[in-house]
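Shown next: my_file09.cif, containing mmCIF, C-alpha atoms.
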data_final
#
loop_
_atom_site.label_atom_id
_atom_site.label_comp_id
_atom_site.auth_asym_id
_atom_site.auth_seq_id
_atom_site.Cartn_x
_atom_site.Cartn_y
_atom_site.Cartn_z
CA MET A 1 0.00 0.00 0.00
CA MET A 2 2.85 2.38 0.83
CA ASP A 3 4.48 1.66 -2.54
CA VAL A 4 1.31 2.68 -4.34
CA CYS A 5 1.11 5.92 -2.33
CA PHE A 6 4.71 6.83 -3.12
CA GLN A 7 4.21 6.08 -6.81
CA LEU A 8 1.14 8.34 -6.89
CA ILE A 9 3.05 11.13 -5.16
CA ILE A 10 5.90 10.87 -7.67
CA PHE A 11 3.44 10.82 -10.57
CA PHE A 12 1.68 14.01 -9.41
CA VAL A 13 4.97 15.81 -8.73
CA LEU A 14 6.17 15.04 -12.26
CA ILE A 15 2.87 16.16 -13.80
CA MET A 16 2.88 19.40 -11.76
CA THR A 17 6.39 20.25 -13.01
CA ILE A 18 5.34 19.81 -16.64
CA ALA A 19 2.22 21.95 -16.19
CA LYS A 20 4.26 24.68 -14.45
CA ASP A 21 6.60 24.96 -17.45
CA GLU A 22 3.70 25.21 -19.94
CA ASP A 23 2.03 28.03 -18.00
CA ALA A 24 5.27 30.00 -17.67
CA GLN A 25 5.63 30.24 -21.46
CA LYS A 26 2.31 32.15 -21.78
CA VAL A 27 3.41 35.05 -19.55
CA LYS A 28 4.96 38.13 -21.22
CA LEU A 29 7.40 39.23 -18.54
CA PRO A 30 8.26 42.89 -17.93
CA LEU A 31 11.84 44.13 -18.27
CA ALA A 32 14.03 43.71 -15.15
CA LEU A 33 15.95 46.79 -14.06
CA GLU A 34 17.71 45.02 -11.18
CA PRO A 35 20.46 42.34 -11.03
CA PRO A 36 19.70 38.79 -12.24
CA ILE A 37 16.93 36.91 -10.47
CA VAL A 38 17.44 33.57 -8.73
CA GLU A 39 16.13 30.73 -10.90
CA ASP A 40 13.41 28.35 -9.69
CA GLU A 41 15.90 25.46 -9.52
CA GLN A 42 17.98 27.41 -6.98
CA LEU A 43 15.07 27.85 -4.58
CA PRO A 44 14.66 25.04 -2.04
CA ARG A 45 10.84 25.13 -2.22
CA SER A 46 8.77 27.36 -4.47
CA ILE A 47 5.16 27.81 -5.53
CA ASN A 48 4.65 29.36 -8.96
CA ILE A 49 1.83 31.75 -9.84
CA ASN A 50 1.46 32.93 -13.46
CA ILE A 51 -0.78 35.94 -14.17
CA ILE A 52 -1.58 36.90 -17.76
CA SER A 53 -3.61 39.79 -19.09
CA PRO A 54 -5.91 41.23 -18.06
CA ALA A 55 -6.35 39.29 -14.81
CA GLU A 56 -6.20 35.56 -15.45
CA LEU A 57 -4.14 33.19 -13.34
CA LEU A 58 -2.69 30.06 -14.91
CA GLY A 59 -1.86 27.27 -12.52
CA TRP A 60 -2.86 23.98 -10.98
CA GLY A 61 -4.07 22.86 -14.40
CA GLN A 62 -6.73 25.58 -14.67
CA THR A 63 -7.34 29.24 -15.47
CA LEU A 64 -8.87 31.55 -12.86
CA ASP A 65 -10.41 34.99 -13.43
CA LEU A 66 -8.92 37.16 -10.66
CA ARG A 67 -11.48 39.93 -11.21
CA SER A 68 -14.32 37.74 -9.96
CA PRO A 69 -14.96 36.83 -6.31
CA GLU A 70 -15.23 33.18 -7.38
CA GLY A 71 -11.73 33.25 -8.93
CA MET A 72 -10.20 34.83 -5.82
CA ARG A 73 -12.00 32.32 -3.58
CA LYS A 74 -10.65 29.45 -5.66
CA LEU A 75 -7.12 30.90 -5.50
CA ARG A 76 -7.44 31.26 -1.71
CA ASP A 77 -8.53 27.61 -1.45
CA LEU A 78 -5.61 26.47 -3.63
CA MET A 79 -3.08 28.49 -1.61
CA ARG A 80 -4.50 27.12 1.66
CA LEU A 81 -4.10 23.61 0.28
CA GLU A 82 -0.49 24.38 -0.72
CA ALA A 83 0.15 25.75 2.79
CA LYS A 84 -1.34 22.66 4.41
CA ILE A 85 0.76 20.33 2.25
CA LEU A 86 3.89 22.35 3.02
CA GLU A 87 3.20 22.34 6.77
CA GLU A 88 2.74 18.55 6.72
CA GLU A 89 5.93 18.12 4.70
CA GLN A 90 7.88 20.32 7.13
CA ALA A 91 6.46 18.41 10.11
CA ARG A 92 7.52 15.08 8.56
CA HIS A 93 11.05 16.28 7.98
CA ALA A 94 11.16 18.35 11.18
CA ALA A 95 12.34 21.35 9.18
CA PRO A 96 12.77 24.39 11.44
CA ALA A 97 11.09 27.63 10.44
CA VAL A 98 13.39 30.07 8.68
CA GLY A 99 13.24 33.76 9.53
CA GLY A 100 10.23 33.37 11.79
CA SER A 101 7.98 32.14 8.98
CA LYS A 102 6.26 28.83 9.55
CA LEU A 103 5.91 28.26 5.79
CA ASP A 104 9.38 27.71 4.37
CA ALA A 105 8.62 28.41 0.71
CA THR A 106 9.00 31.20 -1.80
CA VAL A 107 6.02 32.25 -3.90
CA VAL A 108 7.36 32.99 -7.40
CA VAL A 109 5.01 35.36 -9.23
CA ARG A 110 5.26 35.77 -12.99
CA VAL A 111 3.13 38.72 -14.10
CA SER A 112 2.60 39.83 -17.70
CA GLU A 113 3.68 43.39 -18.34
CA ASP A 114 0.13 44.54 -19.12
CA VAL A 115 -1.48 43.27 -15.89
CA GLU A 116 -2.70 46.03 -13.56
CA TYR A 117 -0.80 46.51 -10.29
CA GLU A 118 -4.00 46.10 -8.26
CA VAL A 119 -4.37 42.48 -9.46
CA PHE A 120 -0.77 41.70 -8.49
CA GLN A 121 -1.24 43.39 -5.11
CA ASN A 122 -4.42 41.38 -4.39
CA VAL A 123 -2.63 38.09 -5.16
CA ILE A 124 0.27 38.97 -2.84
CA ALA A 125 -2.14 40.03 -0.06
CA LEU A 126 -4.05 36.77 -0.43
CA CYS A 127 -0.83 34.73 -0.17
CA GLN A 128 0.20 36.69 2.93
CA GLU A 129 -3.21 36.05 4.46
CA VAL A 130 -2.66 32.30 4.02
CA GLY A 131 0.78 32.52 5.68
CA PHE A 132 3.40 32.90 2.94
CA GLN A 133 6.00 35.59 3.61
CA ARG A 134 8.65 35.25 0.89
CA PHE A 135 7.96 36.39 -2.66
CA GLN A 136 9.90 36.74 -5.88
CA LEU A 137 8.72 38.63 -8.96
CA LYS A 138 9.97 37.25 -12.28
CA ALA A 139 11.05 39.56 -15.07
CA ARG A 140 13.12 39.41 -18.28
CA PRO A 141 16.82 40.29 -17.97
CA LYS A 142 17.92 43.50 -19.72
CA GLU A 143 19.74 41.62 -22.51
CA ASP A 144 16.47 39.88 -23.51
CA ALA A 145 14.57 43.16 -23.86
CA ASP A 146 14.66 43.01 -27.65
CA GLY A 147 12.86 39.67 -27.59
CA SER A 148 15.87 37.53 -28.48
CA PRO A 149 16.18 34.15 -26.67
#

As structure tokens - that is how I would like this structure written.
Amino acid sequence: MMDVCFQLIIFFVLIMTIAKDEDAQKVKLPLALEPPIVEDEQLPRSININIISPAELLGWGQTLDLRSPEGMRKLRDLMRLEAKILEEEQARHAAPAVGGSKLDATVVVRVSEDVEYEVFQNVIALCQEVGFQRFQLKARPKEDADGSP
């Protein structure tokens, strides 16, 4: 029975990674004016949120409209589920809290350049309400500003 559980966990982790990469390609990132950003692979634990124009969130295998109360409620439920899973994982591994935050994860937010700031601010506030304290905003490096790969 335990073998089946571990195989299911591995299956869903692999599927989630593939879906994360597909969503990230649909976001038109703004130009970064700061030094290079840490890549996802360098973060010990991260949760990715992709927001495209005008206010749609891509993630968890679905698209949410962040302008509607239903979309924000669904995002809140998904973030609470992520927090619960993370807390259980930390309890299993007895991972101490870092920097006073009980949730040891970074929320990586990719926002298209034409998304209004208010939408971005509401998503960050919702994540803070759930208990996440570390955030990273993704942007294109200066050398990619002309659209070259």

Selection under test: the PyMOL selection byres ((chain A and resi 116) around 12); residues as an NGL selection string: :A and (51-56 or 66-67 or 111-115 or 117-123)

Could you tell me which residues the PyMOL selection byres ((chain A and resi 124) around 12) grabs in this file, written as a compact mmCIF listing (two decimals) with C-alpha atoms, keeping the file's coordinate frame?
# COMPACT_ATOMS: atom_id res chain seq x y z
CA ILE A 49 1.83 31.75 -9.84
CA ILE A 51 -0.78 35.94 -14.17
CA MET A 72 -10.20 34.83 -5.82
CA LEU A 75 -7.12 30.90 -5.50
CA ARG A 76 -7.44 31.26 -1.71
CA MET A 79 -3.08 28.49 -1.61
CA THR A 106 9.00 31.20 -1.80
CA VAL A 107 6.02 32.25 -3.90
CA VAL A 108 7.36 32.99 -7.40
CA VAL A 109 5.01 35.36 -9.23
CA ARG A 110 5.26 35.77 -12.99
CA VAL A 111 3.13 38.72 -14.10
CA TYR A 117 -0.80 46.51 -10.29
CA GLU A 118 -4.00 46.10 -8.26
CA VAL A 119 -4.37 42.48 -9.46
CA PHE A 120 -0.77 41.70 -8.49
CA GLN A 121 -1.24 43.39 -5.11
CA ASN A 122 -4.42 41.38 -4.39
CA VAL A 123 -2.63 38.09 -5.16
CA ALA A 125 -2.14 40.03 -0.06
CA LEU A 126 -4.05 36.77 -0.43
CA CYS A 127 -0.83 34.73 -0.17
CA GLN A 128 0.20 36.69 2.93
CA GLU A 129 -3.21 36.05 4.46
CA VAL A 130 -2.66 32.30 4.02
CA GLY A 131 0.78 32.52 5.68
CA PHE A 132 3.40 32.90 2.94
CA GLN A 133 6.00 35.59 3.61
CA ARG A 134 8.65 35.25 0.89
CA PHE A 135 7.96 36.39 -2.66
CA GLN A 136 9.90 36.74 -5.88
CA LEU A 137 8.72 38.63 -8.96

Name the residues that the PyMOL selection byres ((chain A and resi 105) around 6) pulls out of this structure, and write them as a count of residues only. 5

I'd like the interatomic distance between CA of Gln7 in chain A and CA of Leu57 in chain A, to a tenth of an Å. 29.1 Å

One number please: CA of Leu81 in chain A to CA of Ala139 in chain A, in Å, one decimal.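 Distance between the two atoms: 26.8 Å.
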
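One distance worth recording is that between CA of Val4 in chain A and CA of Ala83 in chain A, which is 24.2 Å.
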